[in-house]
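The next block is final.txt, given as compact mmCIF, C-alpha atoms and all ligand atoms.
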```txt
# COMPACT_ATOMS: atom_id res chain seq x y z
CA MET X 1 -14.85 46.94 19.57
CA LYS X 2 -15.45 45.22 16.24
CA ALA X 3 -11.75 44.26 16.06
CA VAL X 4 -11.92 42.70 19.55
CA ALA X 5 -15.01 40.70 18.58
CA THR X 6 -13.27 39.51 15.38
CA ARG X 7 -10.20 38.33 17.33
CA LEU X 8 -12.42 36.53 19.81
CA GLY X 9 -14.19 34.93 16.85
CA ALA X 10 -10.91 33.80 15.23
CA ARG X 11 -9.69 32.31 18.51
CA THR X 12 -12.97 30.50 19.12
CA ASN X 13 -12.87 29.06 15.59
CA LEU X 14 -9.27 27.97 16.08
CA ALA X 15 -10.08 26.31 19.40
CA LEU X 16 -13.07 24.60 17.77
CA LEU X 17 -10.86 23.30 14.97
CA ALA X 18 -8.45 21.83 17.54
CA VAL X 19 -11.10 20.08 19.65
CA LEU X 20 -12.97 18.79 16.58
CA ALA X 21 -9.73 17.22 15.33
CA VAL X 22 -8.98 15.73 18.77
CA ALA X 23 -12.50 14.29 19.11
CA PHE X 24 -12.42 12.79 15.62
CA MET X 25 -8.94 11.27 15.84
CA SER X 26 -9.26 9.96 19.39
CA GLY X 27 -12.53 8.23 18.42
CA TRP X 28 -10.65 6.23 15.80
CA LEU X 29 -7.78 5.63 18.20
CA ALA X 30 -10.28 4.08 20.63
CA PHE X 31 -11.60 1.85 17.82
CA ALA X 32 -8.06 0.64 17.16
CA PHE X 33 -7.82 -1.04 20.58
CA ALA X 34 -9.68 -3.64 22.60
CA THR X 35 -7.21 -3.16 25.47
CA ALA X 36 -6.40 -0.38 27.99
CA PRO X 37 -5.40 2.36 25.46
CA ALA X 38 -9.04 2.39 24.34
CA ARG X 39 -10.04 3.86 27.72
CA TRP X 40 -7.42 6.61 27.62
CA SER X 41 -8.38 7.49 24.08
CA LEU X 42 -12.00 7.78 25.19
CA VAL X 43 -11.14 10.06 28.14
CA LEU X 44 -9.42 12.37 25.64
CA HIS X 45 -12.32 11.88 23.22
CA ALA X 46 -15.06 12.78 25.66
CA THR X 47 -13.07 15.80 26.91
CA GLY X 48 -12.80 17.01 23.29
CA GLY X 49 -16.54 16.43 22.81
CA PHE X 50 -17.51 18.39 25.91
CA ALA X 51 -15.11 21.20 24.95
CA ILE X 52 -17.14 21.63 21.73
CA LEU X 53 -20.25 22.05 23.88
CA LEU X 54 -18.50 24.63 26.09
CA LEU X 55 -17.46 26.66 23.02
CA LEU X 56 -21.03 26.67 21.71
CA PRO X 57 -22.14 30.02 23.24
CA TRP X 58 -19.23 31.81 21.52
CA LYS X 59 -19.61 29.92 18.25
CA SER X 60 -23.33 30.65 18.12
CA MET X 61 -22.49 34.37 18.24
CA ILE X 62 -20.13 33.91 15.27
CA GLY X 63 -22.69 31.76 13.50
CA ARG X 64 -25.52 34.29 13.91
CA ARG X 65 -23.31 37.12 12.72
CA GLY X 66 -22.14 35.05 9.73
CA LEU X 67 -25.69 34.01 8.78
CA ARG X 68 -26.73 37.67 8.56
CA ARG X 69 -24.07 38.12 5.87
CA ASP X 70 -25.99 36.11 3.31
CA ARG X 71 -22.88 34.21 2.25
CA PRO X 72 -23.50 31.54 -0.42
CA GLY X 73 -23.42 28.04 1.02
CA ARG X 74 -24.23 29.21 4.53
CA TRP X 75 -26.88 26.50 4.82
CA VAL X 76 -24.10 23.95 4.46
CA SER X 77 -22.60 25.46 7.62
CA VAL X 78 -25.95 25.04 9.34
CA LEU X 79 -26.04 21.39 8.18
CA LEU X 80 -22.54 20.96 9.62
CA GLY X 81 -23.85 22.29 12.93
CA VAL X 82 -26.79 19.87 12.85
CA LEU X 83 -24.48 16.91 12.13
CA VAL X 84 -22.08 17.80 14.96
CA LEU X 85 -25.01 18.18 17.37
CA VAL X 86 -26.53 14.84 16.22
CA SER X 87 -23.16 13.16 16.73
CA LEU X 88 -22.78 14.69 20.19
CA ALA X 89 -26.33 13.74 21.20
CA ALA X 90 -25.94 10.16 19.94
CA GLY X 91 -22.56 9.85 21.74
CA LEU X 92 -24.17 10.94 24.99
CA ALA X 93 -27.23 8.73 24.41
CA HIS X 94 -24.86 5.77 24.02
CA SER X 95 -22.56 6.61 26.94
CA THR X 96 -25.35 7.27 29.42
CA GLY X 97 -27.19 4.22 28.09
CA LEU X 98 -30.42 6.23 27.88
CA LEU X 99 -30.92 5.35 24.19
CA VAL X 100 -28.54 2.69 22.89
CA ASN X 101 -30.66 1.41 19.97
CA LEU X 102 -32.43 3.68 17.50
CA GLY X 103 -34.45 1.24 15.39
CA TRP X 104 -32.17 -0.55 12.95
CA LEU X 105 -29.14 1.57 13.85
CA SER X 106 -27.32 1.73 17.17
CA ALA X 107 -26.65 5.12 18.78
CA MET X 108 -22.93 4.41 18.24
CA GLU X 109 -23.48 3.89 14.50
CA VAL X 110 -25.39 7.20 14.29
CA HIS X 111 -22.64 8.87 16.35
CA VAL X 112 -19.81 7.77 14.06
CA GLY X 113 -21.90 8.06 10.86
CA ALA X 114 -22.87 11.70 11.55
CA ALA X 115 -19.24 12.54 12.35
CA LEU X 116 -18.04 10.94 9.09
CA VAL X 117 -20.59 12.85 6.99
CA ALA X 118 -19.56 16.06 8.79
CA VAL X 119 -15.88 15.72 7.82
CA PRO X 120 -16.06 16.98 4.19
CA LEU X 121 -18.43 19.76 5.26
CA ALA X 122 -16.04 20.82 8.03
CA ILE X 123 -13.09 20.84 5.62
CA TRP X 124 -15.04 22.95 3.11
CA HIS X 125 -16.20 25.27 5.91
CA VAL X 126 -12.68 25.96 7.12
CA VAL X 127 -11.04 26.17 3.68
CA ALA X 128 -13.68 28.60 2.37
CA ARG X 129 -13.27 30.86 5.46
CA PRO X 130 -9.56 31.28 6.03
CA ILE X 131 -8.82 32.79 9.42
CA ARG X 132 -5.89 35.18 9.59
CA LEU X 133 -3.85 34.42 12.67
CA ARG X 134 -1.95 37.11 14.54
CA GLY X 135 0.97 36.63 16.90
CA THR X 136 -1.22 37.61 19.86
CA ASP X 137 -3.67 34.78 19.09
CA LEU X 138 -0.95 32.33 20.16
CA SER X 139 0.03 34.29 23.25
CA ARG X 140 0.51 32.73 26.67
CA ARG X 141 -2.74 34.28 27.85
CA ASN X 142 -4.70 32.63 25.03
CA PHE X 143 -3.10 29.26 25.72
CA LEU X 144 -4.21 29.69 29.34
CA ARG X 145 -7.74 30.45 28.11
CA GLY X 146 -7.60 27.27 26.03
CA GLY X 147 -6.42 25.41 29.14
CA VAL X 148 -9.44 26.71 31.06
CA VAL X 149 -11.78 25.33 28.34
CA VAL X 150 -10.04 21.92 28.43
CA ALA X 151 -10.10 21.81 32.25
CA GLY X 152 -13.77 22.78 32.22
CA ALA X 153 -14.54 20.06 29.67
CA ALA X 154 -12.61 17.44 31.68
CA THR X 155 -14.54 18.46 34.81
CA VAL X 156 -17.91 18.19 33.04
CA TYR X 157 -16.90 14.77 31.68
CA GLY X 158 -15.72 13.57 35.12
CA THR X 159 -18.98 14.76 36.66
CA THR X 160 -21.14 12.95 34.07
CA GLU X 161 -19.13 9.74 34.61
CA LEU X 162 -19.68 9.99 38.37
CA ALA X 163 -23.38 10.74 37.86
CA VAL X 164 -23.80 7.72 35.53
CA ARG X 165 -22.41 5.51 38.32
CA ALA X 166 -24.14 7.21 41.27
CA ILE X 167 -27.70 7.37 39.89
CA PRO X 168 -26.98 4.71 38.35
CA LEU X 169 -27.83 5.06 34.65
CA PRO X 170 -27.62 2.05 32.28
CA GLY X 171 -24.28 3.45 31.02
CA ASN X 172 -22.87 2.20 34.31
CA LEU X 173 -22.81 -1.28 32.76
CA ARG X 174 -20.56 -0.51 29.80
CA ARG X 175 -17.09 -1.91 29.34
CA PHE X 176 -13.88 0.21 29.19
CA THR X 177 -14.34 0.43 25.40
CA GLY X 178 -17.81 1.91 25.96
CA SER X 179 -19.57 -1.28 24.71
CA TYR X 180 -22.57 -3.02 26.34
CA GLU X 181 -22.77 -6.76 27.03
CA VAL X 182 -25.25 -8.73 24.87
CA GLY X 183 -25.87 -12.50 24.65
CA SER X 184 -22.70 -13.80 26.35
CA PHE X 185 -22.61 -17.62 26.49
CA ALA X 186 -25.94 -17.61 24.63
CA PRO X 187 -24.95 -17.81 20.93
CA ASP X 188 -28.55 -17.45 19.72
CA LEU X 189 -28.77 -14.03 21.38
CA MET X 190 -25.46 -12.73 20.05
CA PRO X 191 -26.09 -9.84 17.62
CA VAL X 192 -25.00 -10.14 13.99
CA SER X 193 -22.98 -7.20 12.69
CA SER X 194 -20.56 -6.36 9.91
CA TRP X 195 -17.96 -3.60 9.56
CA MET X 196 -19.56 -1.79 6.62
CA PHE X 197 -21.04 -3.28 3.50
CA ASP X 198 -20.56 -7.07 3.73
CA ALA X 199 -23.85 -8.92 3.14
CA VAL X 200 -24.20 -12.37 4.76
CA PRO X 201 -23.31 -15.05 2.16
CA GLN X 202 -25.10 -18.44 2.24
CA ILE X 203 -22.29 -20.99 1.95
CA ASP X 204 -22.77 -24.70 1.30
CA ALA X 205 -20.39 -26.55 3.64
CA ALA X 206 -20.25 -29.57 1.30
CA SER X 207 -18.58 -27.60 -1.49
CA TRP X 208 -16.69 -25.09 0.71
CA THR X 209 -12.93 -25.33 1.31
CA VAL X 210 -10.46 -23.10 3.11
CA GLU X 211 -7.00 -22.75 1.65
CA VAL X 212 -4.40 -22.83 4.42
CA ALA X 213 -0.86 -21.96 3.32
CA GLY X 214 -1.54 -23.44 -0.10
CA ARG X 215 -3.41 -26.58 1.07
CA ALA X 216 -7.20 -26.93 0.74
CA MET X 217 -9.09 -28.19 3.80
CA ASN X 218 -12.76 -29.12 3.79
CA TYR X 219 -15.37 -28.60 6.50
CA GLU X 220 -15.27 -32.20 7.72
CA GLU X 221 -11.51 -32.11 8.19
CA LEU X 222 -11.65 -28.78 9.99
CA SER X 223 -14.40 -29.96 12.33
CA THR X 224 -12.19 -32.71 13.76
CA TYR X 225 -10.17 -30.13 15.74
CA GLY X 226 -11.24 -29.27 19.28
CA ASP X 227 -9.08 -26.28 20.40
CA ARG X 228 -11.14 -24.06 22.69
CA VAL X 229 -10.89 -20.47 23.77
CA THR X 230 -13.22 -18.18 25.70
CA ALA X 231 -12.98 -14.76 24.04
CA THR X 232 -14.90 -11.51 23.85
CA LEU X 233 -15.93 -9.98 20.53
CA ASP X 234 -16.12 -6.21 21.13
CA CYS X 235 -17.94 -4.63 18.19
CA THR X 236 -17.36 -1.01 17.19
CA GLY X 237 -21.15 -0.81 16.83
CA GLY X 238 -21.26 -0.60 20.65
CA PHE X 239 -21.83 -4.12 22.03
CA TYR X 240 -19.66 -6.99 23.25
CA SER X 241 -20.34 -10.70 23.64
CA THR X 242 -18.23 -13.41 25.27
CA GLN X 243 -18.49 -16.97 23.92
CA GLU X 244 -16.66 -20.24 24.14
CA TRP X 245 -15.27 -20.83 20.65
CA THR X 246 -14.11 -24.19 19.25
CA GLY X 247 -11.88 -24.75 16.23
CA VAL X 248 -8.18 -24.89 15.50
CA ARG X 249 -5.32 -22.62 16.51
CA LEU X 250 -3.62 -21.11 13.47
CA ASP X 251 -0.09 -21.99 14.66
CA ARG X 252 -1.10 -25.66 14.42
CA LEU X 253 -2.29 -25.23 10.83
CA LEU X 254 0.68 -23.12 9.82
CA ALA X 255 3.50 -25.13 11.40
CA GLY X 256 6.57 -24.86 9.15
CA ALA X 257 5.28 -21.94 7.06
CA ASN X 258 7.73 -19.04 6.77
CA GLY X 259 6.81 -15.36 6.54
CA SER X 260 6.16 -12.27 8.62
CA SER X 261 2.37 -11.97 8.48
CA VAL X 262 -0.80 -14.02 8.15
CA ARG X 263 -3.52 -12.77 5.84
CA VAL X 264 -7.02 -14.07 6.57
CA ARG X 265 -9.49 -13.63 3.72
CA SER X 266 -13.28 -13.91 3.59
CA ALA X 267 -15.56 -15.23 0.84
CA THR X 268 -16.70 -11.59 0.49
CA GLY X 269 -13.17 -10.35 -0.30
CA TYR X 270 -12.82 -8.70 3.14
CA ASP X 271 -9.42 -9.38 4.70
CA ARG X 272 -7.14 -8.58 7.65
CA ARG X 273 -3.45 -9.19 8.16
CA PHE X 274 -1.88 -10.27 11.49
CA PRO X 275 1.71 -10.54 12.77
CA ILE X 276 2.92 -14.13 12.42
CA GLU X 277 3.68 -14.19 16.18
CA ASP X 278 -0.08 -13.93 16.83
CA ALA X 279 -0.81 -17.29 15.17
CA GLY X 280 -0.80 -19.10 18.56
CA ARG X 281 -3.57 -16.79 19.84
CA LEU X 282 -5.78 -16.87 16.75
CA LEU X 283 -8.42 -19.56 16.30
CA LEU X 284 -10.22 -20.62 13.14
CA ALA X 285 -13.57 -21.45 14.75
CA THR X 286 -16.38 -23.67 13.47
CA ARG X 287 -18.45 -23.69 16.68
CA PHE X 288 -19.50 -21.35 19.49
CA GLY X 289 -21.19 -22.38 22.73
CA GLY X 290 -21.06 -25.99 21.54
CA GLN X 291 -23.17 -25.32 18.44
CA GLU X 292 -22.35 -24.83 14.78
CA LEU X 293 -21.83 -21.22 13.66
CA ASP X 294 -24.80 -19.75 11.78
CA ALA X 295 -24.46 -17.80 8.52
CA GLY X 296 -24.60 -14.39 10.25
CA HIS X 297 -21.79 -15.35 12.61
CA GLY X 298 -19.49 -16.63 9.86
CA PHE X 299 -20.50 -20.23 8.91
CA PRO X 300 -18.63 -22.37 7.92
CA ALA X 301 -15.60 -20.87 9.74
CA ARG X 302 -14.61 -17.54 11.25
CA LEU X 303 -11.56 -16.11 12.89
CA VAL X 304 -11.45 -15.53 16.67
CA ALA X 305 -8.95 -12.78 17.49
CA PRO X 306 -8.85 -12.29 21.30
CA ASN X 307 -8.09 -8.73 22.49
CA ARG X 308 -8.82 -7.26 19.07
CA ARG X 309 -11.93 -5.28 18.09
CA GLY X 310 -14.65 -7.09 16.13
CA PHE X 311 -13.54 -5.96 12.67
CA TRP X 312 -10.48 -8.23 13.01
CA TRP X 313 -12.68 -11.33 13.46
CA VAL X 314 -12.93 -12.18 9.74
CA LYS X 315 -16.08 -14.23 8.93
CA TRP X 316 -16.71 -16.81 6.14
CA VAL X 317 -12.97 -17.51 5.89
CA VAL X 318 -11.80 -19.01 2.57
CA ALA X 319 -8.02 -18.46 2.75
CA ILE X 320 -5.22 -18.14 5.31
CA GLU X 321 -1.96 -17.12 3.68
CA VAL X 322 1.50 -16.61 5.17
CA GLU X 323 3.29 -13.78 3.41
CA ASP X 324 6.46 -11.75 3.68
CA VAL X 325 4.58 -8.44 3.78
CA PRO X 326 4.69 -6.78 7.25
CA TYR X 327 1.33 -6.97 9.08
CA TRP X 328 0.99 -3.16 9.24
CA TRP X 329 0.99 -2.99 5.44
CA GLN X 330 -2.80 -2.55 5.28
CA SER X 331 -5.35 0.16 5.89
CA PRO X 332 -5.69 0.54 9.72
CA PHE X 333 -9.46 0.15 9.28
CA PRO X 334 -11.06 -2.01 6.58
CA THR X 335 -12.41 -0.14 3.56
CA GLN X 336 -15.04 -2.73 2.68
C1 LIG D 1 -18.53 22.53 14.89
C2 LIG D 1 -18.07 23.04 13.80
C3 LIG D 1 -18.56 24.32 13.19
C4 LIG D 1 -19.82 24.74 12.93
C5 LIG D 1 -21.11 23.98 13.22
C6 LIG D 1 -19.76 26.04 12.33
C7 LIG D 1 -20.86 26.79 11.95
C8 LIG D 1 -20.80 28.08 11.37
C9 LIG D 1 -21.92 28.84 10.90
C10 LIG D 1 -23.36 28.39 10.96
C11 LIG D 1 -21.44 30.02 10.39
C12 LIG D 1 -22.24 31.17 9.75
C13 LIG D 1 -22.61 30.86 8.31
C14 LIG D 1 -21.46 30.87 7.33
O1 LIG D 1 -20.63 31.77 7.37
O2 LIG D 1 -21.39 29.94 6.52
C15 LIG D 1 -20.01 29.99 10.57
C16 LIG D 1 -19.15 31.01 10.18
C17 LIG D 1 -17.79 30.94 10.23
N1 LIG D 1 -17.04 29.89 10.68
FE1 LIG D 1 -17.73 28.16 11.47
N2 LIG D 1 -18.44 26.42 12.24
C18 LIG D 1 -17.67 25.37 12.75
C19 LIG D 1 -16.31 25.33 12.84
C20 LIG D 1 -15.44 26.28 12.34
C21 LIG D 1 -14.00 26.19 12.33
C22 LIG D 1 -13.23 24.99 12.86
C23 LIG D 1 -13.55 27.33 11.75
C24 LIG D 1 -12.14 27.77 11.44
C25 LIG D 1 -11.07 27.24 11.94
C26 LIG D 1 -14.69 28.17 11.42
C27 LIG D 1 -14.61 29.41 10.84
C28 LIG D 1 -15.70 30.20 10.55
C29 LIG D 1 -15.59 31.55 9.98
C30 LIG D 1 -14.29 32.30 9.69
C31 LIG D 1 -16.90 32.01 9.79
C32 LIG D 1 -17.32 33.34 9.18
C33 LIG D 1 -17.73 34.30 10.24
C34 LIG D 1 -18.23 35.60 9.64
O3 LIG D 1 -18.39 35.70 8.40
O4 LIG D 1 -18.50 36.46 10.45
N3 LIG D 1 -15.83 27.49 11.80
N4 LIG D 1 -19.64 28.79 11.16
C1 LIG D 2 -17.51 15.21 15.58
C2 LIG D 2 -16.79 14.23 16.07
C3 LIG D 2 -17.11 13.59 17.42
C4 LIG D 2 -17.50 14.18 18.60
C5 LIG D 2 -17.75 15.64 18.86
C6 LIG D 2 -17.66 13.13 19.57
C7 LIG D 2 -18.06 13.30 20.89
C8 LIG D 2 -18.40 12.28 21.77
C9 LIG D 2 -19.00 12.45 23.08
C10 LIG D 2 -19.36 13.81 23.72
C11 LIG D 2 -19.19 11.21 23.61
C12 LIG D 2 -19.77 10.88 24.97
C13 LIG D 2 -18.64 10.70 25.90
C14 LIG D 2 -19.02 10.23 27.27
O1 LIG D 2 -19.85 10.86 27.93
O2 LIG D 2 -18.47 9.18 27.70
C15 LIG D 2 -18.68 10.24 22.66
C16 LIG D 2 -18.65 8.87 22.85
C17 LIG D 2 -18.01 7.98 22.01
N1 LIG D 2 -17.47 8.26 20.77
FE1 LIG D 2 -17.41 10.07 19.87
N2 LIG D 2 -17.37 11.92 18.96
C18 LIG D 2 -17.03 12.18 17.64
C19 LIG D 2 -16.66 11.23 16.71
C20 LIG D 2 -16.38 9.89 16.98
C21 LIG D 2 -15.78 8.96 16.07
C22 LIG D 2 -15.37 9.30 14.63
C23 LIG D 2 -15.66 7.77 16.75
C24 LIG D 2 -15.08 6.45 16.30
C25 LIG D 2 -14.48 6.23 15.19
C26 LIG D 2 -16.20 7.93 18.07
C27 LIG D 2 -16.26 6.96 19.06
C28 LIG D 2 -16.88 7.10 20.27
C29 LIG D 2 -17.06 6.04 21.24
C30 LIG D 2 -16.55 4.60 21.12
C31 LIG D 2 -17.78 6.58 22.34
C32 LIG D 2 -18.26 5.83 23.56
C33 LIG D 2 -17.44 6.18 24.74
C34 LIG D 2 -17.96 5.59 26.00
O3 LIG D 2 -19.12 5.18 26.05
O4 LIG D 2 -17.19 5.53 26.98
N3 LIG D 2 -16.64 9.24 18.17
N4 LIG D 2 -18.20 10.92 21.56
```
Would you mind writing the structure in this file as structure tokens?
Ligand code: HEM
Ligand code: HEM
Amino acid sequence: MKAVATRLGARTNLALLAVLAVAFMSGWLAFAFATAPARWSLVLHATGGFAILLLLPWKSMIGRRGLRRDRPGRWVSVLLGVLVLVSLAAGLAHSTGLLVNLGWLSAMEVHVGAALVAVPLAIWHVVARPIRLRGTDLSRRNFLRGGVVVAGAATVYGTTELAVRAIPLPGNLRRFTGSYEVGSFAPDLMPVSSWMFDAVPQIDAASWTVEVAGRAMNYEELSTYGDRVTATLDCTGGFYSTQEWTGVRLDRLLAGANGSSVRVRSATGYDRRFPIEDAGRLLLATRFGGQELDAGHGFPARLVAPNRRGFWWVKWVVAIEVEDVPYWWQSPFPTQ
């Protein structure tokens, strides 16, 4: 009997490892897109998240048994459990729209933050408790059992999505990326956000210049351009805002420059690299909604990168360089 319970425990742990990895990776995959693949990543993501919930009754049996063993560091495992539950609760609070803002943090920030803190704990947890697999653990029957958990999770997810629309809950209003609309065509109401640690710099336009392919341009010169684009900034913090942006298209500034990528750099040191073919779609903006940018939104000039998530929209731009490095030669997500 004990052997059967141990095998069940090993299989549950293995299944949990798989769905945790799927939920974590598909979350980042969703953040990588502001186009259709974001939705498919999130369907996978939510299914992984609900599968964790479905495995909970079995895992709590393992957990209770393990806690009785008085193993050193077991409270770290409990902390891991708390973090995963906080992440799950914040994800659901965001998706249903029942609690989108928690004081100075958004539910989405808590969701991702708790998951990030959980990662080293989860790695330690698994490495310190090696599970010995047997051939029978990977049998057809056990794959079918896994399939039942996944199908169950997909059904629960589908049902919650239908319920959000039918009731309807505020989550009904979110975009395919999961973000909520805030302050569109009303620049003063558009939230200010940054990827991680960038503090808003106060820049004096009179002494500021932007270096474009080796040539310095000042604010006055840049302000003479009137290229316009209506584009949506979709922030990974969980909101989106559509504005009419005015500035200059990068292909006009970079005419004649040779290279394979464009690197856009901020006064803070933050940077992103784009394929050179994108230059015609990128705008170096000085205005939104007919008014000057404010410091929080990137004054004197920021990048507008349609169909890319907010972290590509570099603020406080000081340099635009054409280089021979391929655009993918960068960390997929900024580290600053
Ligand atoms: C959501 C993620 C997880 C949580 C919250 C969690 C929580 C716990 C807790 C509270 C314990 C009992 C205390 C302890 O032994 O430290 C435990 C035991 C254990 N966990 Fe996890 N765990 C998770 C995922 C995993 C994964 C992915 C694996 C392996 C692939 C795993 C393998 C084990 C093993 C082997 C034990 C020891 C059981 C025993 O001694 O009877 N856990 N877990
Ligand atoms: C422990 C790891 C994680 C778990 C268990 C988890 C689980 C969940 C769950 C259950 C939801 C609600 C799904 C729904 O009802 O629509 C959700 C939403 C979401 N999660 Fe995660 N998540 C994790 C980590 C992450 C990470 C690391 C990211 C991003 C880097 C992320 C991004 C998102 C996004 C964007 C949504 C909103 C989806 C929507 O509203 O349609 N998650 N997550």
List all protein, DNA and RNA residues that have any atom at most 8 Å from ligand LIG 2 (chain D), counting all atoms listed in the file, and write the list as a ChimeraX atom specification. /X:20-21,23-31,39,42-43,45-50,52,83-85,87-96,108,111-116,118-119,157,160-161,171,174-179,236,238
Box for ligand LIG 1 (chain D): with edges along x, y and z, all listed atoms inside and 4 Å added on each side, what are the centre and edge lengths in Å to one decimal, as lines of an AutoDock Vina configuration file?
```
center_x = -17.2
center_y = 29.5
center_z = 10.7
size_x = 20.3
size_y = 21.9
size_z = 16.4
```
Site check for ligand LIG 1 (chain D): residues at most 6 Å away, only C-alpha atoms and all ligand atoms, as JSON, numbers by chain: {"X": [13, 14, 16, 17, 62, 63, 65, 66, 67, 74, 77, 78, 80, 81, 84, 126, 129, 131]}
Can I get the selected residues back with C-alpha atoms, as a CSV table (one decimal), keeping the file's coordinate frame?
```
chain,number,residue,atom,x,y,z
X,13,ASN,CA,-12.9,29.1,15.6
X,14,LEU,CA,-9.3,28.0,16.1
X,16,LEU,CA,-13.1,24.6,17.8
X,17,LEU,CA,-10.9,23.3,15.0
X,62,ILE,CA,-20.1,33.9,15.3
X,63,GLY,CA,-22.7,31.8,13.5
X,65,ARG,CA,-23.3,37.1,12.7
X,66,GLY,CA,-22.1,35.0,9.7
X,67,LEU,CA,-25.7,34.0,8.8
X,74,ARG,CA,-24.2,29.2,4.5
X,77,SER,CA,-22.6,25.5,7.6
X,78,VAL,CA,-26.0,25.0,9.3
X,80,LEU,CA,-22.5,21.0,9.6
X,81,GLY,CA,-23.8,22.3,12.9
X,84,VAL,CA,-22.1,17.8,15.0
X,126,VAL,CA,-12.7,26.0,7.1
X,129,ARG,CA,-13.3,30.9,5.5
X,131,ILE,CA,-8.8,32.8,9.4
```
When you look at Gln330 in chain X with a cut-off of 10 Å (counting all atoms listed in the file), what residues show up, excluding the ones that are within fewer than 6 positions of it in the same chain? I need them as a count of residues only. 4
Counting all atoms listed in the file, which residues come within 12 Å of (-24.8, -25.3, 18.1), with the point read in the file's coordinates, and could you list them as a ChimeraX atom specification? /X:185-188,243-246,286-294,297,299
Could the residues in this selection be saved with C-alpha atoms as a PDB file, in the frame of the given file?
```pdb
ATOM      1  CA  PHE X 185     -22.610 -17.620  26.490  1.00  0.00           C
ATOM      2  CA  ALA X 186     -25.940 -17.610  24.630  1.00  0.00           C
ATOM      3  CA  PRO X 187     -24.950 -17.810  20.930  1.00  0.00           C
ATOM      4  CA  ASP X 188     -28.550 -17.450  19.720  1.00  0.00           C
ATOM      5  CA  GLN X 243     -18.490 -16.970  23.920  1.00  0.00           C
ATOM      6  CA  GLU X 244     -16.660 -20.240  24.140  1.00  0.00           C
ATOM      7  CA  TRP X 245     -15.270 -20.830  20.650  1.00  0.00           C
ATOM      8  CA  THR X 246     -14.110 -24.190  19.250  1.00  0.00           C
ATOM      9  CA  THR X 286     -16.380 -23.670  13.470  1.00  0.00           C
ATOM     10  CA  ARG X 287     -18.450 -23.690  16.680  1.00  0.00           C
ATOM     11  CA  PHE X 288     -19.500 -21.350  19.490  1.00  0.00           C
ATOM     12  CA  GLY X 289     -21.190 -22.380  22.730  1.00  0.00           C
ATOM     13  CA  GLY X 290     -21.060 -25.990  21.540  1.00  0.00           C
ATOM     14  CA  GLN X 291     -23.170 -25.320  18.440  1.00  0.00           C
ATOM     15  CA  GLU X 292     -22.350 -24.830  14.780  1.00  0.00           C
ATOM     16  CA  LEU X 293     -21.830 -21.220  13.660  1.00  0.00           C
ATOM     17  CA  ASP X 294     -24.800 -19.750  11.780  1.00  0.00           C
ATOM     18  CA  HIS X 297     -21.790 -15.350  12.610  1.00  0.00           C
ATOM     19  CA  PHE X 299     -20.500 -20.230   8.910  1.00  0.00           C
TER      20      PHE X 299
END
```
Determine the nearest neighbour of Leu8 in chain X from the options X:Leu133, X:Ile123, X:Leu303, X:Ala151, counting all atoms listed in the file.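 Of X:Leu133, X:Ile123, X:Leu303, X:Ala151, the one nearest Leu8 in chain X, counting all atoms listed in the file, is X:Leu133.
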Please list as a PyMOL selection string every residue within 10 Å of Ser193 in chain X, counting only C-alpha atoms and excluding residues in the same chain fewer than 5 positions away. chain X and resi 198-200+235-237+239+296-297+310-311
Nearest residue to Trp316 in chain X out of X:Arg69, X:Arg302, X:Lys59, X:Arg134, using all atoms listed in the file?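 Smallest distance to Trp316 in chain X is found for X:Arg302.
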Please return as a ChimeraX atom specification every residue within 7 Å of (-17.1, -15.7, 7.3), taking into account only C-alpha atoms and the file's own coordinates. /X:266-267,298-302,314-317
